[in-house]
Structure formats: structure tokens, C-alpha cells
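To be precise, the following lines are model_2.cif, and they hold mmCIF, C-alpha atoms.
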```cif
data_my_file
loop_
_atom_site.label_atom_id
_atom_site.label_comp_id
_atom_site.auth_asym_id
_atom_site.auth_seq_id
_atom_site.Cartn_x
_atom_site.Cartn_y
_atom_site.Cartn_z
CA MET V 1 -5.26 15.92 13.06
CA CYS V 2 -2.18 14.49 14.71
CA ARG V 3 -0.42 17.32 16.52
CA ARG V 4 2.97 15.83 15.72
CA CYS V 5 2.83 14.85 12.02
CA HIS V 6 -0.40 16.60 10.93
CA ALA V 7 -1.87 13.42 9.45
CA ALA V 8 -5.63 13.00 9.61
CA LEU V 9 -6.51 10.86 12.61
CA SER V 10 -9.27 8.32 12.91
CA SER V 11 -9.98 5.66 15.48
CA ARG V 12 -10.62 3.22 12.62
CA GLU V 13 -10.18 4.03 8.93
CA PRO V 14 -13.60 5.12 7.64
CA ASN V 15 -15.18 2.68 5.14
CA SER V 16 -12.10 0.49 5.36
CA LEU V 17 -13.92 -2.67 4.30
CA SER V 18 -15.80 -1.08 1.38
CA ARG V 19 -12.56 0.21 -0.06
CA VAL V 20 -10.87 -3.17 0.47
CA TRP V 21 -13.63 -4.97 -1.47
CA ALA V 22 -13.70 -2.37 -4.26
CA TRP V 23 -9.94 -2.45 -4.95
CA LEU V 24 -9.90 -6.23 -4.58
CA ALA V 25 -12.70 -6.65 -7.16
CA ALA V 26 -10.86 -4.35 -9.58
CA GLY V 27 -7.65 -6.34 -9.03
CA ILE V 28 -9.32 -9.71 -9.65
CA ILE V 29 -11.14 -8.48 -12.78
CA LEU V 30 -7.90 -7.20 -14.33
CA TYR V 31 -6.06 -10.38 -13.43
CA ILE V 32 -8.22 -12.30 -15.94
CA PRO V 33 -7.13 -10.41 -19.13
CA ALA V 34 -3.61 -10.35 -17.69
CA ASN V 35 -3.55 -14.12 -18.08
CA ILE V 36 -5.51 -14.42 -21.33
CA TYR V 37 -3.69 -11.81 -23.42
CA PRO V 38 -0.02 -12.18 -24.38
CA MET V 39 2.61 -10.63 -22.14
CA LEU V 40 5.46 -10.82 -24.65
CA LEU V 41 5.48 -10.56 -28.45
CA THR V 42 8.70 -12.18 -29.67
CA LYS V 43 9.75 -11.86 -33.30
CA THR V 44 12.54 -14.18 -34.47
CA LEU V 45 13.57 -14.02 -38.14
CA GLY V 46 10.23 -12.48 -39.04
CA VAL V 47 8.12 -15.07 -37.23
CA GLN V 48 6.01 -13.67 -34.42
CA GLU V 49 5.34 -15.65 -31.27
CA GLU V 50 3.11 -14.62 -28.41
CA SER V 51 3.51 -15.84 -24.86
CA THR V 52 1.30 -15.37 -21.84
CA ILE V 53 2.50 -15.20 -18.23
CA VAL V 54 2.17 -18.95 -17.69
CA GLY V 55 3.44 -19.66 -21.23
CA GLY V 56 6.61 -17.66 -20.53
CA ALA V 57 7.26 -19.69 -17.41
CA ILE V 58 6.75 -22.97 -19.30
CA GLU V 59 9.26 -21.77 -21.90
CA LEU V 60 11.79 -21.22 -19.10
CA VAL V 61 11.23 -24.82 -17.98
CA HIS V 62 12.08 -25.94 -21.54
CA TYR V 63 15.38 -24.03 -21.29
CA GLY V 64 16.05 -25.97 -18.10
CA ALA V 65 15.91 -22.83 -15.92
CA TYR V 66 13.69 -24.44 -13.29
CA PHE V 67 14.54 -22.06 -10.48
CA VAL V 68 13.80 -18.92 -12.51
CA ALA V 69 10.60 -20.50 -13.83
CA PHE V 70 9.64 -21.14 -10.23
CA ILE V 71 10.31 -17.47 -9.30
CA VAL V 72 8.19 -16.23 -12.21
CA LEU V 73 5.31 -18.60 -11.44
CA PHE V 74 5.53 -17.77 -7.75
CA ALA V 75 5.57 -14.00 -8.30
CA SER V 76 2.96 -13.77 -11.04
CA VAL V 77 0.58 -16.61 -10.25
CA ALA V 78 0.96 -17.89 -6.69
CA ILE V 79 1.35 -14.49 -4.96
CA PRO V 80 -1.54 -12.69 -6.70
CA VAL V 81 -3.99 -15.59 -6.30
CA ALA V 82 -2.97 -16.19 -2.68
CA LYS V 83 -3.35 -12.47 -2.08
CA PHE V 84 -6.88 -12.39 -3.44
CA PHE V 85 -7.83 -15.18 -1.04
CA ALA V 86 -5.93 -13.71 1.92
CA ILE V 87 -7.49 -10.24 1.64
CA GLY V 88 -10.92 -11.75 1.04
CA LEU V 89 -10.56 -13.97 4.10
CA LEU V 90 -9.40 -11.08 6.31
CA ALA V 91 -12.22 -8.77 5.27
CA TRP V 92 -14.78 -11.56 5.54
CA SER V 93 -13.63 -12.59 9.03
CA VAL V 94 -13.85 -8.99 10.28
CA ARG V 95 -17.39 -8.67 8.97
CA ARG V 96 -18.48 -11.94 10.54
CA GLY V 97 -16.70 -11.01 13.76
CA SER V 98 -15.15 -14.44 14.16
CA SER V 99 -12.88 -16.81 12.35
CA ARG V 100 -11.35 -20.23 12.70
CA LEU V 101 -7.95 -18.53 12.58
CA SER V 102 -6.81 -16.76 15.74
CA ALA V 103 -6.37 -12.99 15.60
CA HIS V 104 -2.61 -13.46 15.85
CA ARG V 105 -2.58 -15.77 12.80
CA ARG V 106 -4.74 -13.30 10.87
CA MET V 107 -2.36 -10.48 11.80
CA GLN V 108 0.54 -12.54 10.45
CA LEU V 109 -1.45 -13.23 7.30
CA TYR V 110 -2.05 -9.48 6.88
CA GLU V 111 1.62 -8.63 7.37
CA VAL V 112 2.80 -11.26 4.89
CA THR V 113 0.17 -10.13 2.36
CA GLU V 114 1.18 -6.49 2.67
CA PHE V 115 4.89 -7.25 2.47
CA ILE V 116 4.85 -9.69 -0.43
CA GLY V 117 2.30 -8.04 -2.75
CA ARG V 118 4.74 -5.63 -4.38
CA TRP V 119 6.95 -8.53 -5.52
CA SER V 120 4.37 -9.48 -8.13
CA MET V 121 5.69 -6.55 -10.17
CA ILE V 122 8.71 -8.70 -11.19
CA ASP V 123 7.06 -9.84 -14.41
CA VAL V 124 6.31 -6.29 -15.56
CA PHE V 125 9.96 -5.35 -15.05
CA VAL V 126 11.08 -8.51 -16.89
CA VAL V 127 9.00 -7.41 -19.88
CA ALA V 128 10.43 -3.87 -19.66
CA ILE V 129 14.06 -4.98 -19.63
CA LEU V 130 13.54 -7.62 -22.35
CA THR V 131 11.89 -5.04 -24.60
CA ALA V 132 14.71 -2.59 -24.02
CA LEU V 133 17.42 -5.17 -24.58
CA VAL V 134 16.24 -7.48 -27.35
CA GLN V 135 15.94 -5.13 -30.31
CA LEU V 136 18.27 -6.84 -32.79
CA GLY V 137 16.31 -5.82 -35.89
CA PHE V 138 15.24 -8.71 -38.11
CA LEU V 139 17.13 -11.30 -36.06
CA ALA V 140 15.10 -11.00 -32.89
CA SER V 141 12.94 -8.40 -31.23
CA ILE V 142 10.66 -8.42 -28.21
CA ASN V 143 7.71 -6.13 -27.57
CA PRO V 144 5.27 -5.93 -24.68
CA GLY V 145 1.75 -7.32 -25.04
CA PRO V 146 -1.49 -5.91 -23.60
CA ALA V 147 -1.33 -8.28 -20.61
CA ALA V 148 1.56 -6.22 -19.18
CA VAL V 149 -0.73 -3.25 -18.53
CA CYS V 150 -3.54 -5.39 -17.09
CA PHE V 151 -1.11 -7.22 -14.85
CA ALA V 152 0.57 -4.03 -13.58
CA LEU V 153 -2.83 -2.51 -12.79
CA SER V 154 -3.98 -5.70 -11.08
CA VAL V 155 -0.90 -5.62 -8.81
CA VAL V 156 -1.37 -1.91 -8.00
CA PHE V 157 -5.06 -2.41 -7.20
CA THR V 158 -4.43 -5.35 -4.88
CA MET V 159 -1.69 -3.35 -3.14
CA LEU V 160 -4.20 -0.54 -2.59
CA SER V 161 -6.72 -3.09 -1.36
CA ALA V 162 -4.26 -4.41 1.24
CA GLN V 163 -3.37 -0.86 2.30
CA SER V 164 -7.05 0.06 2.73
CA PHE V 165 -7.50 -2.74 5.22
CA ASP V 166 -7.28 -1.45 8.78
CA PRO V 167 -5.55 -4.20 10.78
CA ARG V 168 -6.97 -2.80 14.02
CA LEU V 169 -10.32 -4.23 12.94
CA ILE V 170 -8.91 -7.72 13.49
CA TRP V 171 -8.39 -6.95 17.16
CA ASP V 172 -11.68 -5.17 17.75
CA SER V 173 -13.63 -8.43 17.61
CA ILE V 174 -11.39 -9.81 20.40
CA GLU V 175 -11.94 -6.83 22.67
CA GLU V 176 -15.68 -7.08 22.08
CA GLY V 177 -15.55 -10.79 22.96
CA GLU V 178 -13.60 -10.04 26.16
CA ARG V 179 -16.10 -7.39 27.19
CA ARG V 180 -18.99 -9.76 26.58
CA ALA V 181 -17.25 -12.39 28.70
CA GLU V 182 -16.67 -9.90 31.53
CA ARG V 183 -20.34 -9.05 31.83
CA MET I 1 -20.95 -1.02 25.69
CA ASN I 2 -18.31 -0.86 28.38
CA ASN I 3 -15.42 1.28 27.12
CA THR I 4 -12.94 1.21 30.01
CA PRO I 5 -9.38 1.30 28.66
CA VAL I 6 -6.96 -1.42 29.66
CA ILE I 7 -4.77 1.05 31.53
CA PRO I 8 -6.24 4.15 33.22
CA VAL I 9 -5.04 7.01 31.01
CA ARG I 10 -3.85 10.19 32.73
CA PRO I 11 -3.45 13.10 30.32
CA ASP I 12 -0.26 14.28 32.07
CA LYS I 13 1.30 10.81 31.69
CA LEU I 14 0.50 10.35 27.97
CA ASP I 15 4.17 10.32 27.10
CA LYS I 16 4.70 7.18 29.14
CA LEU I 17 2.22 5.25 27.00
CA ILE I 18 2.38 3.83 23.51
CA ALA I 19 -0.45 2.55 21.32
CA CYS I 20 0.50 -0.28 19.00
CA PRO I 21 0.28 1.01 15.41
CA SER I 22 -1.03 -2.36 14.19
CA CYS I 23 -3.54 -3.53 16.81
CA ASP I 24 -4.12 -0.37 18.87
CA LEU I 25 -3.31 -1.96 22.25
CA LEU I 26 -2.48 0.83 24.71
CA GLN I 27 0.45 -0.10 26.89
CA ASN I 28 3.26 1.26 29.03
CA ARG I 29 6.16 2.38 26.93
CA VAL I 30 9.36 0.45 27.46
CA ILE I 31 12.44 1.79 25.69
CA PRO I 32 14.55 -1.25 24.78
CA ALA I 33 18.26 -1.57 25.59
CA ALA I 34 20.70 -0.24 22.98
CA GLY I 35 20.64 -2.36 19.81
CA LYS I 36 17.45 -4.20 20.86
CA PHE I 37 13.84 -3.67 19.86
CA SER I 38 10.50 -4.02 21.61
CA ARG I 39 7.37 -5.69 20.31
CA CYS I 40 3.68 -5.42 21.07
CA PRO I 41 2.76 -8.22 23.51
CA ARG I 42 -0.53 -8.88 21.73
CA CYS I 43 0.24 -8.84 17.99
CA HIS I 44 4.07 -8.90 18.03
CA SER I 45 4.47 -5.90 15.70
CA MET I 46 7.67 -3.94 16.23
CA LEU I 47 7.14 -0.88 18.42
CA ILE I 48 10.52 0.73 19.11
CA SER I 49 13.98 -0.20 17.88
CA ASN I 50 16.81 1.37 19.78
CA LYS I 51 19.63 1.57 17.25
CA ARG I 52 22.52 3.96 17.59
CA ASN I 53 23.13 6.70 14.98
CA VAL I 54 19.66 6.46 13.45
CA ILE I 55 19.97 9.89 11.87
CA ASP I 56 23.52 9.37 10.58
CA ASN I 57 22.62 6.01 9.05
CA THR I 58 19.47 7.27 7.38
CA LEU I 59 21.17 10.40 6.02
CA ALA I 60 24.10 8.38 4.68
CA ALA I 61 21.72 5.98 2.97
CA ALA I 62 19.67 8.82 1.48
CA VAL I 63 22.71 10.62 0.04
CA SER I 64 24.19 7.45 -1.42
CA THR I 65 20.83 6.46 -2.92
CA ALA I 66 20.69 9.77 -4.80
CA ILE I 67 24.30 9.49 -6.05
CA LEU I 68 23.98 5.85 -7.11
CA MET I 69 20.69 6.54 -8.88
CA CYS I 70 22.41 9.20 -11.03
CA ALA I 71 25.04 6.62 -11.98
CA ALA I 72 22.42 3.94 -12.58
CA VAL I 73 20.37 6.12 -14.90
CA PHE I 74 23.16 7.64 -17.00
CA PHE I 75 25.70 4.81 -17.42
CA PRO I 76 25.09 1.79 -19.71
CA PHE I 77 23.12 -0.91 -17.93
CA ILE I 78 23.36 -4.10 -19.99
CA SER I 79 24.56 -4.83 -23.50
CA LEU I 80 23.67 -7.70 -25.76
CA LYS I 81 25.85 -9.08 -28.59
CA GLY I 82 24.50 -11.53 -31.14
CA ALA I 83 25.18 -12.29 -34.82
CA GLY I 84 27.37 -9.23 -35.25
CA LEU I 85 24.82 -6.87 -33.74
CA THR I 86 25.21 -5.05 -30.46
CA ARG I 87 22.41 -3.55 -28.44
CA ASP I 88 23.02 -1.39 -25.37
CA ALA I 89 20.15 -0.84 -22.99
CA SER I 90 20.10 1.71 -20.21
CA VAL I 91 17.62 2.04 -17.37
CA MET I 92 15.99 4.78 -19.45
CA ASP I 93 15.40 2.27 -22.27
CA ALA I 94 13.71 -0.12 -19.82
CA ILE I 95 11.47 2.73 -18.68
CA GLY I 96 10.66 3.61 -22.28
CA ALA I 97 9.71 0.02 -23.14
CA PHE I 98 5.98 0.69 -22.96
CA THR I 99 5.80 3.92 -24.95
CA SER I 100 3.77 2.50 -27.83
CA GLY I 101 0.01 3.13 -27.96
CA PHE I 102 -2.26 2.60 -25.01
CA MET I 103 0.57 1.30 -22.82
CA ALA I 104 2.15 4.75 -22.48
CA PRO I 105 0.88 5.35 -18.90
CA LEU I 106 2.77 2.23 -17.83
CA THR I 107 5.99 4.03 -18.81
CA LEU I 108 5.23 6.70 -16.23
CA ALA I 109 4.44 4.04 -13.62
CA VAL I 110 7.68 2.14 -14.27
CA ALA I 111 9.68 5.40 -14.15
CA ALA I 112 8.01 6.24 -10.85
CA PHE I 113 8.57 2.80 -9.30
CA ILE I 114 12.24 2.40 -10.12
CA VAL I 115 13.67 5.94 -10.33
CA VAL I 116 11.41 8.79 -9.23
CA ILE I 117 10.01 7.35 -5.99
CA PRO I 118 13.37 6.05 -4.64
CA VAL I 119 14.93 9.49 -5.30
CA LEU I 120 11.91 11.33 -3.89
CA ARG I 121 12.08 9.23 -0.71
CA ALA I 122 15.78 9.93 -0.34
CA THR I 123 15.20 13.66 -0.83
CA ALA I 124 12.32 13.73 1.66
CA LEU I 125 14.36 11.88 4.29
CA PHE I 126 17.33 14.19 3.72
CA TYR I 127 15.14 17.29 4.03
CA ALA I 128 13.55 16.03 7.24
CA LEU I 129 16.70 14.81 8.98
CA ALA I 130 19.64 16.95 7.78
CA PRO I 131 18.89 19.93 10.10
CA LEU I 132 18.71 17.57 13.11
CA ARG I 133 22.10 16.15 12.25
CA PHE I 134 23.66 19.61 12.56
CA GLY I 135 21.85 20.41 15.79
CA LYS I 136 19.35 22.80 14.22
CA PRO I 137 15.58 22.69 14.75
CA PRO I 138 13.65 20.67 12.13
CA ALA I 139 12.85 22.41 8.82
CA LYS I 140 9.41 23.88 8.26
CA HIS I 141 7.81 20.93 6.48
CA ALA I 142 10.00 18.25 8.07
CA ALA I 143 7.04 16.30 9.51
CA LYS I 144 5.20 16.36 6.19
CA SER I 145 8.20 15.17 4.23
CA PHE I 146 9.02 12.36 6.68
CA ARG I 147 5.41 11.22 6.47
CA LEU I 148 5.66 11.28 2.67
CA ALA I 149 8.81 9.15 2.79
CA MET I 150 7.02 6.57 4.95
CA ALA I 151 3.91 6.53 2.73
CA LEU I 152 6.03 5.97 -0.39
CA LYS I 153 7.88 3.00 1.07
CA PRO I 154 5.81 0.20 -0.53
CA TRP I 155 5.91 1.97 -3.92
CA SER I 156 9.69 2.15 -4.13
CA MET I 157 10.50 -0.97 -6.18
CA ALA I 158 14.21 -0.78 -7.05
CA GLU I 159 14.91 -4.18 -5.50
CA ILE I 160 12.05 -5.80 -7.40
CA PHE I 161 13.35 -4.33 -10.66
CA LEU I 162 16.75 -5.88 -9.98
CA VAL I 163 15.23 -9.35 -9.53
CA GLY I 164 13.27 -8.76 -12.76
CA VAL I 165 16.53 -7.95 -14.55
CA VAL I 166 18.09 -11.21 -13.36
CA VAL I 167 15.07 -13.20 -14.60
CA ALA I 168 15.24 -11.40 -17.97
CA LEU I 169 18.97 -12.17 -18.26
CA VAL I 170 18.30 -15.88 -17.79
CA LYS I 171 15.84 -15.69 -20.69
CA VAL I 172 18.27 -14.06 -23.13
CA VAL I 173 21.56 -15.59 -22.07
CA ASP I 174 21.13 -18.46 -24.56
CA LEU I 175 20.15 -16.10 -27.35
CA ALA I 176 23.22 -13.85 -27.25
CA ASP I 177 26.19 -12.70 -25.18
CA VAL I 178 25.24 -10.47 -22.30
CA SER I 179 27.58 -8.07 -20.51
CA LEU I 180 26.76 -6.01 -17.46
CA GLY I 181 27.60 -2.30 -17.42
CA PRO I 182 28.58 -0.02 -14.50
CA SER I 183 24.98 1.05 -14.11
CA PHE I 184 23.97 -2.52 -13.21
CA TRP I 185 26.44 -2.57 -10.32
CA ALA I 186 25.38 0.91 -9.21
CA PHE I 187 21.80 -0.33 -9.12
CA ALA I 188 22.76 -3.45 -7.18
CA ALA I 189 24.60 -1.31 -4.59
CA LEU I 190 21.59 0.99 -4.37
CA VAL I 191 19.32 -1.95 -3.59
CA LEU I 192 21.62 -3.10 -0.77
CA ILE I 193 21.61 0.41 0.69
CA VAL I 194 17.81 0.71 0.54
CA VAL I 195 17.47 -2.63 2.33
CA PHE I 196 19.97 -1.48 4.97
CA GLU I 197 18.12 1.82 5.37
CA ASN I 198 14.76 0.12 5.87
CA SER I 199 16.19 -2.21 8.48
CA THR I 200 17.77 0.55 10.59
CA LEU I 201 15.01 3.15 10.43
CA CYS I 202 12.83 3.39 13.55
CA LYS I 203 9.81 5.60 12.94
CA TRP I 204 9.14 6.11 16.64
CA THR I 205 12.65 7.45 17.36
CA ILE I 206 12.60 9.82 14.40
CA TRP I 207 9.14 11.18 15.18
CA ARG I 208 10.30 11.95 18.69
CA LEU I 209 13.34 13.78 17.38
CA LEU I 210 11.23 15.73 14.88
CA ASP I 211 8.70 16.79 17.51
CA PRO I 212 9.71 20.10 19.10
CA ASP I 213 7.58 19.29 22.16
CA THR I 214 9.58 16.27 23.33
#
```
In C-alpha cells, how does this file's structure come out?
Amino acid sequence: MCRRCHAALSSREPNSLSRVWAWLAAGIILYIPANIYPMLLTKTLGVQEESTIVGGAIELVHYGAYFVAFIVLFASVAIPVAKFFAIGLLAWSVRRGSSRLSAHRRMQLYEVTEFIGRWSMIDVFVVAILTALVQLGFLASINPGPAAVCFALSVVFTMLSAQSFDPRLIWDSIEEGERRAER
Amino acid sequence: MNNTPVIPVRPDKLDKLIACPSCDLLQNRVIPAAGKFSRCPRCHSMLISNKRNVIDNTLAAAVSTAILMCAAVFFPFISLKGAGLTRDASVMDAIGAFTSGFMAPLTLAVAAFIVVIPVLRATALFYALAPLRFGKPPAKHAAKSFRLAMALKPWSMAEIFLVGVVVALVKVVDLADVSLGPSFWAFAALVLIVVFENSTLCKWTIWRLLDPDT
């Protein structure tokens, strides 16, 4: 126990890597239905259309809203996929005890991953506000599809995965290397 | 294995040392000049930021977050006009978007991310810091509530919601006329304040102030 803030203390988080892998696997598994199932169910004049995450972004390109399409693709495709790889790489490099990336680079990778992960939630909020706003009866209405839940859970799980990672592990391998060199 | 620390640690001099919260390097503590901040020499994480009025700034931000959130929740947020029909949506409607069927838990999550957690953080910060502002000793659970506020930081997503709203507006702006209500502006102001709060808050300084031993 910390005598100042009463948090549980540990030199290194126990089972950090196991928890990282478990949350990461859950996140990746849920990311698959998040992309297969529709995110938005749009009804215009009685005709129902379904759009997935990528489909919604392509629709934005058709409107000519390239920048917004880019934000959506970046937040819901590029960030999650990059995050899966980044967390996997970090955990893998700690287990192997070495990496082609320097510890400093890996620390930067960890910080970026932790900071940017929450921004993937954008698409869930887009669905929420569209559903709330576009309820014009027969003319047009929008409802959320099952992908919204899968996607939200995938984002939460990868956030938990990044939080389970103990960044001090990155630096332990260096100190071990220094000690080995000293002897 | 050889476990000699980098610097010989003397128990009576512990206060002169700081361990980097990110990489655990033990080093001599250097309090930066006013307005500056210090970084860990090994991993470059921020250690101490010496800003003036930390408590005043944080308290001001917490109080205004709570007030603006009330406005954001209860005033109209956005309204849509098309083909003679008008639809007003409030933040509450956006939260209630997922109430049908198996998606219901997502409603709770969205409510937590955009309303409950930001308000809870503001309340926890206020509870922890208000007594210090008036020269009184910290409240009974001040340490616990400050720790809660720090743990909730990544889960407070008001700013992400605002970006989501902008993306949604681009999607519907061709479909119908959109007008922004007072709640939208309250929310935008709230986001600016949260960003300001996060940039001025130095955990190290506040923990020292909360600790009766230092």
C-alpha cells in the first residue's frame, strides 16, 4: 500500500502480459463482427439501407466530404488495426527481451497507443447522434446496427489491454543488459 | 543478479528522490523553474510541471465543467428541419439511441462516457482540492477521490463525442437544415475547459499538497 494515496503497490504489475494478451484477443475478435455487421440502418421513404463502418466512409466520399471520410476511416480502421499491432509488438518484445526498436522508440509507441486509443469511439458517437437526430418518420430514419455494440466493446477491450501493459517492463530488459555488460 | 540501485538510497533522503512513473528510473528530484516542467532523462516522460495556481485552475475547471454539463444536458442540442418536419435532439436523446433490444447496455456506456464520468471527475477533484484552497487540511477521503479522478481520465470522452457530432452533422447537412442549440455551445466550451484542465494539472504537485506529511 502506498502510504500517501493508499493504492496497492507493486514493483511490476502482476501478470501484466497475460492480461494484455487476453484483452487484446477479445478486442481483435470483436473487431471482426464490428466490420461485417451493419453499423447504421437507414430508412428513406420506406426503403432500408444498411451500411458498415467502411461503407459509411465510402458514402461520405460520394458526398465529396473527403476530410470527414478520412477522419472516420482513420478513427475506426487505421487506429484500431495499428493499435492491435502496436500492443502485440510491445508485449512480444518484452517477452523476447529484445527488439529492433530502441526502448525509447517503444516507449513513444506505448504513449501514442495509450493516448490515441480512446479516439476510436468517434464512430459510436456518430451513430448515437444520427439515431437521435434523424427520426423524421416515413421520410427518413436512422437506427443503430449490431456492429455498434461490437465496435464499442472492441475499443473498450483494447483500451484495457493498453492499460494492463506495464511500461516499466520495456526498461527492465535494458537494465538487465547493462548489468550483464558490467560483469 | 546484481541489484545495486543507480543512486545509493538513504531512507532519510527519500524526499529528495523521484522515481519516473513510466520507466522507474530513480533519480535526484529537480523542481523546475516557475512555468517550466522537468522530464525523465531516460524515457522523456513528464515528471513535474511547476505551474502557478494549480489548485485554483483545477477547481475553476471542475466547477465550470459541472455547470456547463447541466446546460449541455438540459438545453436543446441540435435540431433538424426537412420537408416540413422538425426534430430536436438533446444529449439525452443521443444517450438513449441504443435503448432497443440487446444494445441497451451501450446506452449506459455512452451515458457514462459523455456525462457521468466527466461530472464524477469534476466532483472528485472538487472534493479533494476545495479544502486546500481555503487553507484547511484535506478532507477524509481526499487521496482516494483524487486517485479516482486520475483513473477515470481516459474514460472521460466529452471531446470525442464532440468530434463525433461534427462528423454526424456533415452526414445530414445535405439531407435537411441543421441548427445548433445552446447545449451544443455549452458542450464545446466544456471540452475546451477539460483540455485546459488536463494541460495544467500536475499530479506530483497535488499529491504533495494532499500529503499531510510533506
Using the chain letters and numbers from the file, give me the residues hit by the PyMOL selection byres ((chain I) within 6 of (chain V)), as an mmCIF file with C-alpha atoms, in the frame of the given file.
```cif
data_model
loop_
_atom_site.group_PDB
_atom_site.id
_atom_site.type_symbol
_atom_site.label_atom_id
_atom_site.label_comp_id
_atom_site.auth_asym_id
_atom_site.auth_seq_id
_atom_site.Cartn_x
_atom_site.Cartn_y
_atom_site.Cartn_z
ATOM 1 C CA SER I 22 -1.030 -2.360 14.190
ATOM 2 C CA CYS I 23 -3.540 -3.530 16.810
ATOM 3 C CA CYS I 43 0.240 -8.840 17.990
ATOM 4 C CA ALA I 89 20.150 -0.840 -22.990
ATOM 5 C CA ASP I 93 15.400 2.270 -22.270
ATOM 6 C CA ALA I 94 13.710 -0.120 -19.820
ATOM 7 C CA ALA I 97 9.710 0.020 -23.140
ATOM 8 C CA ALA I 143 7.040 16.300 9.510
ATOM 9 C CA ILE I 160 12.050 -5.800 -7.400
ATOM 10 C CA PHE I 161 13.350 -4.330 -10.660
ATOM 11 C CA GLY I 164 13.270 -8.760 -12.760
ATOM 12 C CA VAL I 165 16.530 -7.950 -14.550
ATOM 13 C CA ALA I 168 15.240 -11.400 -17.970
#
```
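Atom CA of Asn50 of chain I is positioned 6.1 Å from atom CA of Pro32 of chain I.
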(message) From the options V:Val112, V:Ser141, V:Pro38, V:Arg96, which residue's atoms come nearest to Ala82 of chain V, counting only C-alpha atoms?
(response) V:Val112
(message) Tell me which residues come within 10 Å of (-7.4, -9.4, -19.1), as a ChimeraX atom specification, counting only C-alpha atoms in the file's coordinates.
(response) /V:28-38,146-151,154
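Remark: for Phe37 of chain I, the closest of the candidate residues I:Leu80, I:Asp211, I:Arg147, I:Lys51 is I:Lys51 (distances computed over only C-alpha atoms).
Atom CA of Val194 of chain I is positioned 7.4 Å from atom CA of Thr65 of chain I.
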Edge lengths and centre in Å to one decimal, as JSON, of the axis-aligned box that encloses all listed atoms of segment 150-162 of chain V with 6 Å added on every side?
```
{"center_x": -3.1, "center_y": -3.9, "center_z": -7.9, "size_x": 19.3, "size_y": 18.7, "size_z": 30.3}
```
(request) Please indicate the distance in Å from atom CA of Val91 of chain I to atom CA of Val73 of chain I, rounded to one decimal place. (result) 5.5 Å
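When you apply the PyMOL selection byres ((chain I and resi 174) around 12) to this structure, what comes back is Leu60, Tyr63, Gly64 and Ala65 of chain V; Leu80, Lys81, Gly82, Ala168, Leu169, Val170, Lys171, Val172, Val173, Leu175, Ala176, Asp177 and Val178 of chain I.
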Kindly export the residues of the current selection with C-alpha atoms, as a tab-separated table (two decimals), in the frame of the given file.
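The new file again-v4.tsv reads:
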```tsv
chain	number	residue	atom	x	y	z
V	60	LEU	CA	11.79	-21.22	-19.10
V	63	TYR	CA	15.38	-24.03	-21.29
V	64	GLY	CA	16.05	-25.97	-18.10
V	65	ALA	CA	15.91	-22.83	-15.92
I	80	LEU	CA	23.67	-7.70	-25.76
I	81	LYS	CA	25.85	-9.08	-28.59
I	82	GLY	CA	24.50	-11.53	-31.14
I	168	ALA	CA	15.24	-11.40	-17.97
I	169	LEU	CA	18.97	-12.17	-18.26
I	170	VAL	CA	18.30	-15.88	-17.79
I	171	LYS	CA	15.84	-15.69	-20.69
I	172	VAL	CA	18.27	-14.06	-23.13
I	173	VAL	CA	21.56	-15.59	-22.07
I	175	LEU	CA	20.15	-16.10	-27.35
I	176	ALA	CA	23.22	-13.85	-27.25
I	177	ASP	CA	26.19	-12.70	-25.18
I	178	VAL	CA	25.24	-10.47	-22.30
```
(request) Might you spell out which residues the PyMOL selection byres ((chain V and resi 17-25) around 6) would select in the displayed file, as an MDAnalysis selection string? (result) chainID V and resid 15:16 26:28 157:158 161 164:165
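In terms of minimum interatomic distance to Ala62 of chain I, I:Ala130 ranks closest within I:Ala158, I:Ile206, I:Ala130, I:Leu180, counting only C-alpha atoms.
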Selection near Trp185 of chain I, 10 Å with all atoms listed in the file, sequence-local residues under 5 positions removed, as a PDB file with C-alpha atoms, in the coordinates of the input:
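Saved to result_18.pdb:
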```pdb
ATOM      1  CA  LEU I  68      23.980   5.850  -7.110  1.00  0.00           C
ATOM      2  CA  ALA I  71      25.040   6.620 -11.980  1.00  0.00           C
ATOM      3  CA  ALA I  72      22.420   3.940 -12.580  1.00  0.00           C
ATOM      4  CA  PHE I  77      23.120  -0.910 -17.930  1.00  0.00           C
ATOM      5  CA  LEU I 180      26.760  -6.010 -17.460  1.00  0.00           C
ATOM      6  CA  LEU I 190      21.590   0.990  -4.370  1.00  0.00           C
ATOM      7  CA  VAL I 191      19.320  -1.950  -3.590  1.00  0.00           C
TER       8      VAL I 191
END
```
(request) Would you mind listing what lies within 12 Å of Asp56 of chain I as an NGL selection string, with only C-alpha atoms counted and same-chain residues fewer than 2 positions away left out? (result) :I and (51-54 or 58-63 or 125-126 or 129-134 or 197 or 200-201 or 206)
Hey, what's within 10 Å of Lys140 of chain I if we count all atoms listed in the file and toss same-chain stuff fewer than 4 positions away? As a CSV table (one decimal) with C-alpha atoms, in the coordinates of the input, please?
```
chain,number,residue,atom,x,y,z
I,127,TYR,CA,15.1,17.3,4.0
I,128,ALA,CA,13.6,16.0,7.2
I,144,LYS,CA,5.2,16.4,6.2
I,145,SER,CA,8.2,15.2,4.2
```
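Of the residues under consideration (V:Ala75, V:Ala8, V:Leu40, V:Cys2), V:Leu40 shows the shortest atom-to-atom contact distance to Phe98 of chain I when counting only C-alpha atoms.
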